[in-house]
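Trainee: run00.txt is the file, holding compact mmCIF, C-alpha atoms:
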```txt
# COMPACT_ATOMS: atom_id res chain seq x y z
CA MET K 1 -42.85 -77.77 -123.95
CA ARG K 2 -40.99 -74.49 -124.42
CA PHE K 3 -37.18 -74.39 -124.43
CA ASP K 4 -36.11 -71.78 -121.87
CA VAL K 5 -32.32 -71.82 -122.13
CA GLU K 6 -31.83 -69.47 -119.17
CA ASN K 7 -33.92 -71.60 -116.82
CA ASN K 8 -32.37 -74.79 -118.20
CA LEU K 9 -28.85 -73.51 -117.56
CA LEU K 10 -29.73 -72.46 -114.02
CA SER K 11 -31.44 -75.80 -113.37
CA LYS K 12 -28.46 -77.77 -114.67
CA LEU K 13 -26.10 -75.58 -112.63
CA ILE K 14 -28.02 -76.36 -109.45
CA GLU K 15 -28.09 -80.06 -110.38
CA THR K 16 -24.37 -80.37 -111.20
CA LYS K 17 -23.08 -77.72 -108.77
CA ASP K 18 -20.39 -76.97 -111.39
CA TYR K 19 -20.14 -73.20 -111.02
CA THR K 20 -16.50 -73.38 -112.14
CA LEU K 21 -17.57 -74.50 -115.62
CA VAL K 22 -20.04 -71.61 -115.87
CA LYS K 23 -17.27 -69.16 -114.96
CA GLU K 24 -14.86 -70.82 -117.41
CA GLN K 25 -17.54 -70.44 -120.08
CA GLN K 26 -17.63 -66.72 -119.16
CA ILE K 27 -21.38 -66.66 -118.54
CA LYS K 28 -22.36 -63.28 -117.11
CA ASP K 29 -25.46 -62.01 -115.38
CA THR K 30 -26.04 -59.69 -118.36
CA PHE K 31 -26.88 -62.81 -120.41
CA PHE K 32 -30.03 -63.30 -118.32
CA ALA K 33 -33.27 -61.35 -118.01
CA GLY K 34 -35.93 -60.84 -115.36
CA GLU K 35 -36.10 -63.33 -112.53
CA ASN K 36 -33.45 -65.56 -114.15
CA LYS K 37 -30.99 -62.68 -113.83
CA LYS K 38 -31.82 -62.29 -110.14
CA VAL K 39 -31.41 -66.04 -109.59
CA PHE K 40 -28.03 -66.09 -111.36
CA LYS K 41 -26.81 -63.13 -109.30
CA PHE K 42 -28.00 -64.87 -106.13
CA ILE K 43 -26.18 -68.08 -107.09
CA THR K 44 -23.00 -66.11 -107.81
CA GLU K 45 -23.14 -64.31 -104.46
CA TYR K 46 -23.93 -67.58 -102.69
CA VAL K 47 -20.92 -69.31 -104.27
CA ILE K 48 -18.67 -66.41 -103.28
CA LYS K 49 -19.96 -66.47 -99.70
CA TYR K 50 -20.26 -70.24 -99.09
CA GLY K 51 -18.00 -71.83 -101.71
CA GLU K 52 -20.71 -73.94 -103.35
CA THR K 53 -23.99 -73.55 -105.21
CA PRO K 54 -27.22 -73.30 -103.24
CA THR K 55 -29.54 -76.26 -102.87
CA PRO K 56 -32.93 -76.35 -104.60
CA THR K 57 -34.50 -75.77 -101.17
CA VAL K 58 -32.61 -72.50 -100.69
CA LEU K 59 -33.55 -71.32 -104.18
CA GLU K 60 -37.21 -72.17 -103.58
CA ARG K 61 -37.17 -70.21 -100.33
CA GLU K 62 -35.49 -67.17 -101.94
CA PHE K 63 -37.43 -67.29 -105.23
CA PRO K 64 -40.82 -68.99 -104.68
CA SER K 65 -41.98 -68.39 -108.26
CA PHE K 66 -38.78 -69.80 -109.81
CA LYS K 67 -39.21 -73.42 -110.86
CA LEU K 68 -36.29 -75.68 -111.71
CA SER K 69 -36.60 -77.66 -114.92
CA GLU K 70 -35.71 -81.28 -115.51
CA VAL K 71 -32.78 -81.12 -117.93
CA ASN K 72 -30.82 -83.84 -119.68
CA GLU K 73 -28.07 -82.12 -121.65
CA PRO K 74 -24.61 -81.28 -120.25
CA LEU K 75 -24.12 -77.91 -118.58
CA LYS K 76 -21.73 -76.76 -121.31
CA TYR K 77 -24.48 -77.30 -123.90
CA TYR K 78 -26.72 -74.83 -122.07
CA CYS K 79 -23.83 -72.36 -121.78
CA ASP K 80 -23.31 -72.55 -125.55
CA GLU K 81 -27.04 -72.20 -126.24
CA LEU K 82 -27.31 -69.17 -123.95
CA ARG K 83 -24.37 -67.54 -125.70
CA LYS K 84 -26.05 -68.18 -129.09
CA LYS K 85 -29.29 -66.67 -127.83
CA VAL K 86 -27.59 -63.53 -126.52
CA ARG K 87 -25.61 -63.10 -129.75
CA HIS K 88 -28.77 -63.59 -131.82
CA ASN K 89 -30.69 -61.02 -129.79
CA LYS K 90 -27.86 -58.46 -130.04
CA ILE K 91 -27.71 -58.91 -133.82
CA ALA K 92 -31.51 -58.64 -134.12
CA GLU K 93 -31.54 -55.40 -132.09
CA LEU K 94 -28.65 -54.07 -134.17
CA THR K 95 -30.49 -54.87 -137.41
CA GLU K 96 -33.48 -52.83 -136.29
CA ARG K 97 -31.28 -49.86 -135.35
CA LEU K 98 -29.37 -50.10 -138.64
CA ALA K 99 -32.60 -50.12 -140.62
CA ASP K 100 -33.79 -47.01 -138.77
CA SER K 101 -30.49 -45.21 -139.35
CA LEU K 102 -30.42 -46.14 -143.03
CA ASP K 103 -34.06 -45.06 -143.46
CA ASP K 104 -32.95 -41.68 -142.10
CA LEU K 105 -30.04 -41.73 -144.61
CA ASP K 106 -27.60 -41.64 -141.70
CA SER K 107 -25.03 -44.17 -142.88
CA GLU K 108 -22.35 -42.76 -140.55
CA LYS K 109 -24.48 -43.54 -137.52
CA ALA K 110 -25.32 -46.98 -138.92
CA PHE K 111 -21.65 -47.78 -139.51
CA ALA K 112 -20.63 -46.58 -136.05
CA ASP K 113 -23.39 -48.66 -134.46
CA LEU K 114 -22.39 -51.69 -136.53
CA MET K 115 -18.76 -51.42 -135.42
CA LYS K 116 -19.64 -50.77 -131.77
CA THR K 117 -22.03 -53.71 -131.54
CA SER K 118 -19.64 -56.02 -133.39
CA LEU K 119 -16.89 -55.23 -130.89
CA GLU K 120 -19.32 -55.63 -128.00
CA ILE K 121 -20.33 -59.09 -129.25
CA GLN K 122 -16.69 -60.05 -129.76
CA ASN K 123 -15.61 -58.81 -126.32
CA GLU K 124 -18.62 -59.74 -124.20
CA ILE K 125 -20.26 -62.80 -125.75
CA VAL K 126 -17.60 -64.77 -127.62
CA ILE K 127 -15.43 -66.86 -125.28
CA SER K 128 -12.03 -65.31 -124.79
CA THR K 129 -9.06 -67.57 -125.46
CA ALA K 130 -6.67 -65.42 -123.51
CA VAL K 131 -3.64 -67.08 -121.95
CA ASP K 132 -3.90 -67.75 -118.22
CA ILE K 133 -1.09 -65.69 -116.71
CA THR K 134 -1.66 -67.30 -113.32
CA GLU K 135 -0.31 -70.57 -114.71
CA ASP K 136 2.53 -72.01 -112.64
CA THR K 137 5.89 -70.40 -113.48
CA SER K 138 7.69 -73.71 -113.96
CA ASP K 139 5.01 -74.82 -116.44
CA ARG K 140 5.49 -71.62 -118.42
CA LYS K 141 9.26 -72.11 -118.40
CA GLU K 142 8.91 -75.68 -119.71
CA SER K 143 6.50 -74.47 -122.37
CA TYR K 144 9.01 -71.79 -123.39
CA LYS K 145 11.84 -74.33 -123.60
CA LYS K 146 9.72 -76.61 -125.77
CA ARG K 147 8.81 -73.74 -128.11
CA LYS K 148 12.47 -72.70 -128.25
CA GLU K 149 13.56 -76.24 -129.19
CA THR K 150 10.92 -76.52 -131.91
CA ARG K 151 11.38 -72.90 -133.04
CA GLY K 152 7.79 -72.09 -132.23
CA MET K 153 6.32 -75.05 -134.10
CA LEU K 154 3.82 -77.07 -132.12
CA GLY K 155 2.27 -80.35 -133.18
```
Would you mind writing the structure in this file as structure tokens?
Mentor:
Amino acid sequence: MRFDVENNLLSKLIETKDYTLVKEQQIKDTFFAGENKKVFKFITEYVIKYGETPTPTVLEREFPSFKLSEVNEPLKYYCDELRKKVRHNKIAELTERLADSLDDLDSEKAFADLMKTSLEIQNEIVISTAVDITEDTSDRKESYKKRKETRGMLG
């Protein structure tokens, strides 16, 4: 049996209906290819329109050739595996481009491509740990007071 991380993630998402976790894990449609990309976009639009994930029946009607898999791992596992796959593929594509540039003795182009792709991976694939500025104001004030009392030391 072949491990299709994209299909497994979509199957687990439909099973758990936990679209919030997928969004928190910053999974994007660009992480998918082919029909899986279309299915993920459909699920996203469906959630926006109806507030929940579609049922397997709706997916089957919209995408007759798409088959849900039986999956056992947690949804977050599939999110992590998809992220690894996308990062791996980006690095593999970059390696091929770097080899071509270096074969042409164009180290400037190779370096620029290396930097650009590294930033793209960092910004698009790695989970951002940015602070949630929509956090309740009173919670932020309490957090500030605690940091002030401990002079910024936590733990």
Trainee: Counting all atoms listed in the file, what is within 10 Å of range 105-110 of chain K, bar same-chain residues fewer than 6 positions away, as a PDB file with C-alpha atoms, in the coordinates of the input?
Mentor:
```pdb
ATOM      1  CA  LEU K  94     -28.650 -54.070-134.170  1.00  0.00           C
ATOM      2  CA  THR K  95     -30.490 -54.870-137.410  1.00  0.00           C
ATOM      3  CA  ARG K  97     -31.280 -49.860-135.350  1.00  0.00           C
ATOM      4  CA  LEU K  98     -29.370 -50.100-138.640  1.00  0.00           C
ATOM      5  CA  ALA K  99     -32.600 -50.120-140.620  1.00  0.00           C
ATOM      6  CA  LYS K 116     -19.640 -50.770-131.770  1.00  0.00           C
TER       7      LYS K 116
END
```
Trainee: Would you pick out the contacts of Phe32 in chain K at 12 Å or less, using only C-alpha atoms, so that residues sharing its chain but fewer than 3 positions from it are not included, and give the list as a VMD selection string?
Mentor: chain K and resid 4 to 10 27 to 29 35 to 41 79 82 to 83 85 to 86 89
Trainee: Export C-alpha atoms of the chosen residues as a PDB file, in the frame of the given file?
Mentor:
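Here's the written file selection.pdb:
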```
ATOM      1  CA  ASP K   4     -36.110 -71.780-121.870  1.00  0.00           C
ATOM      2  CA  VAL K   5     -32.320 -71.820-122.130  1.00  0.00           C
ATOM      3  CA  GLU K   6     -31.830 -69.470-119.170  1.00  0.00           C
ATOM      4  CA  ASN K   7     -33.920 -71.600-116.820  1.00  0.00           C
ATOM      5  CA  ASN K   8     -32.370 -74.790-118.200  1.00  0.00           C
ATOM      6  CA  LEU K   9     -28.850 -73.510-117.560  1.00  0.00           C
ATOM      7  CA  LEU K  10     -29.730 -72.460-114.020  1.00  0.00           C
ATOM      8  CA  ILE K  27     -21.380 -66.660-118.540  1.00  0.00           C
ATOM      9  CA  LYS K  28     -22.360 -63.280-117.110  1.00  0.00           C
ATOM     10  CA  ASP K  29     -25.460 -62.010-115.380  1.00  0.00           C
ATOM     11  CA  GLU K  35     -36.100 -63.330-112.530  1.00  0.00           C
ATOM     12  CA  ASN K  36     -33.450 -65.560-114.150  1.00  0.00           C
ATOM     13  CA  LYS K  37     -30.990 -62.680-113.830  1.00  0.00           C
ATOM     14  CA  LYS K  38     -31.820 -62.290-110.140  1.00  0.00           C
ATOM     15  CA  VAL K  39     -31.410 -66.040-109.590  1.00  0.00           C
ATOM     16  CA  PHE K  40     -28.030 -66.090-111.360  1.00  0.00           C
ATOM     17  CA  LYS K  41     -26.810 -63.130-109.300  1.00  0.00           C
ATOM     18  CA  CYS K  79     -23.830 -72.360-121.780  1.00  0.00           C
ATOM     19  CA  LEU K  82     -27.310 -69.170-123.950  1.00  0.00           C
ATOM     20  CA  ARG K  83     -24.370 -67.540-125.700  1.00  0.00           C
ATOM     21  CA  LYS K  85     -29.290 -66.670-127.830  1.00  0.00           C
ATOM     22  CA  VAL K  86     -27.590 -63.530-126.520  1.00  0.00           C
ATOM     23  CA  ASN K  89     -30.690 -61.020-129.790  1.00  0.00           C
TER      24      ASN K  89
END
```
Trainee: May I ask for the distance between CA of Asp113 in chain K and CA of Gln25 in chain K, given in Å to one decimal place?
Mentor: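 Result for CA of Asp113 in chain K versus CA of Gln25 in chain K: 26.7 Å, one decimal.
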Trainee: Work out where the centre of an axis-aligned box around every listed atom of range 110-118 of chain K lies and how long its edges are once 6 Å is added on each side; give both in Å to one decimal as lines of an AutoDock Vina configuration file.
Mentor:
```
center_x = -22.0
center_y = -51.3
center_z = -135.5
size_x = 18.6
size_y = 21.4
size_z = 20.0
```
Trainee: Kindly give the distance, in Å, that separates CA of Lys49 in chain K and CA of Tyr19 in chain K, rounded to a single decimal.
Mentor: 13.2 Å
Trainee: Within 9 Å of Glu52 in chain K, counting all atoms listed in the file, which residues qualify if same-chain residues fewer than 6 places away don't, as a ChimeraX atom specification?
Mentor: /K:17-19,43,46
Trainee: At a cut-off of 12 Å, using all atoms listed in the file, what residues contact Gln26 in chain K? Leave out same-chain residues fewer than 4 positions from it and give the result as a compact mmCIF listing (two decimals) with C-alpha atoms, in the frame of the given file.
Mentor:
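Final file, around.txt:
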```txt
# COMPACT_ATOMS: atom_id res chain seq x y z
CA TYR K 19 -20.14 -73.20 -111.02
CA THR K 20 -16.50 -73.38 -112.14
CA LEU K 21 -17.57 -74.50 -115.62
CA VAL K 22 -20.04 -71.61 -115.87
CA THR K 30 -26.04 -59.69 -118.36
CA PHE K 31 -26.88 -62.81 -120.41
CA LYS K 76 -21.73 -76.76 -121.31
CA CYS K 79 -23.83 -72.36 -121.78
CA ASP K 80 -23.31 -72.55 -125.55
CA LEU K 82 -27.31 -69.17 -123.95
CA ARG K 83 -24.37 -67.54 -125.70
CA ASN K 123 -15.61 -58.81 -126.32
CA GLU K 124 -18.62 -59.74 -124.20
CA ILE K 125 -20.26 -62.80 -125.75
CA VAL K 126 -17.60 -64.77 -127.62
CA ILE K 127 -15.43 -66.86 -125.28
CA SER K 128 -12.03 -65.31 -124.79
CA THR K 129 -9.06 -67.57 -125.46
CA ALA K 130 -6.67 -65.42 -123.51
```
Trainee: Given only C-alpha atoms as the basis, pick out the residue of K:Lys90, K:Glu45, K:Asn72, K:Lys84 nearest to Leu114 in chain K.
Mentor: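 Checking each candidate against Leu114 in chain K, we get K:Lys90 as the closest.
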Trainee: Between CA of Leu75 in chain K and CA of Thr16 in chain K, measure the distance and give it in Å to one decimal.
Mentor: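 So the answer is 7.8 Å.
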Trainee: May I ask which of the residues K:Thr150, K:Ser11, K:Gln122, K:Thr53 is the closest one to Lys67 in chain K, counting all atoms listed in the file?
Mentor: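 The answer is K:Ser11, which sits nearest to Lys67 in chain K.
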Trainee: Please determine, counting all atoms listed in the file, which residue among K:Ala92, K:Ser118, K:Phe42, K:Ala112 has the shortest atom-to-atom distance to Phe63 in chain K.
Mentor: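 Under the stated criterion, the closest residue is K:Phe42.
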Trainee: Nearest residue to Phe3 in chain K out of K:Thr117, K:Thr44, K:Thr55, K:Ser69, using only C-alpha atoms?
Mentor: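 Going through K:Thr117, K:Thr44, K:Thr55, K:Ser69 one by one, the smallest distance to Phe3 in chain K is for K:Ser69.
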Trainee: Could you please fill out range 107-119 of chain K with N, CA and C atoms and send it back as a JSON list (two decimals), in the coordinates of the input?
Mentor:
```
[["chain", "number", "residue", "atom", "x", "y", "z"],
["K", 107, "SER", "N", -25.91, -43.01, -142.76],
["K", 107, "SER", "CA", -25.03, -44.17, -142.88],
["K", 107, "SER", "C", -23.85, -44.10, -141.91],
["K", 108, "GLU", "N", -23.44, -42.90, -141.52],
["K", 108, "GLU", "CA", -22.35, -42.76, -140.55],
["K", 108, "GLU", "C", -22.76, -43.34, -139.21],
["K", 109, "LYS", "N", -23.96, -43.02, -138.78],
["K", 109, "LYS", "CA", -24.48, -43.54, -137.52],
["K", 109, "LYS", "C", -24.63, -45.06, -137.61],
["K", 110, "ALA", "N", -25.14, -45.54, -138.73],
["K", 110, "ALA", "CA", -25.32, -46.98, -138.92],
["K", 110, "ALA", "C", -23.98, -47.70, -138.86],
["K", 111, "PHE", "N", -22.97, -47.14, -139.51],
["K", 111, "PHE", "CA", -21.65, -47.78, -139.51],
["K", 111, "PHE", "C", -21.05, -47.78, -138.11],
["K", 112, "ALA", "N", -21.16, -46.67, -137.41],
["K", 112, "ALA", "CA", -20.63, -46.58, -136.05],
["K", 112, "ALA", "C", -21.32, -47.60, -135.14],
["K", 113, "ASP", "N", -22.64, -47.71, -135.28],
["K", 113, "ASP", "CA", -23.39, -48.66, -134.46],
["K", 113, "ASP", "C", -23.01, -50.09, -134.81],
["K", 114, "LEU", "N", -22.81, -50.36, -136.09],
["K", 114, "LEU", "CA", -22.39, -51.69, -136.53],
["K", 114, "LEU", "C", -21.04, -52.07, -135.92],
["K", 115, "MET", "N", -20.10, -51.15, -135.97],
["K", 115, "MET", "CA", -18.76, -51.42, -135.42],
["K", 115, "MET", "C", -18.82, -51.59, -133.90],
["K", 116, "LYS", "N", -19.54, -50.71, -133.23],
["K", 116, "LYS", "CA", -19.64, -50.77, -131.77],
["K", 116, "LYS", "C", -20.25, -52.08, -131.31],
["K", 117, "THR", "N", -21.35, -52.47, -131.95],
["K", 117, "THR", "CA", -22.03, -53.71, -131.54],
["K", 117, "THR", "C", -21.19, -54.93, -131.89],
["K", 118, "SER", "N", -20.50, -54.90, -133.02],
["K", 118, "SER", "CA", -19.64, -56.02, -133.39],
["K", 118, "SER", "C", -18.54, -56.22, -132.35],
["K", 119, "LEU", "N", -17.93, -55.13, -131.92],
["K", 119, "LEU", "CA", -16.89, -55.23, -130.89],
["K", 119, "LEU", "C", -17.48, -55.69, -129.56]]
```
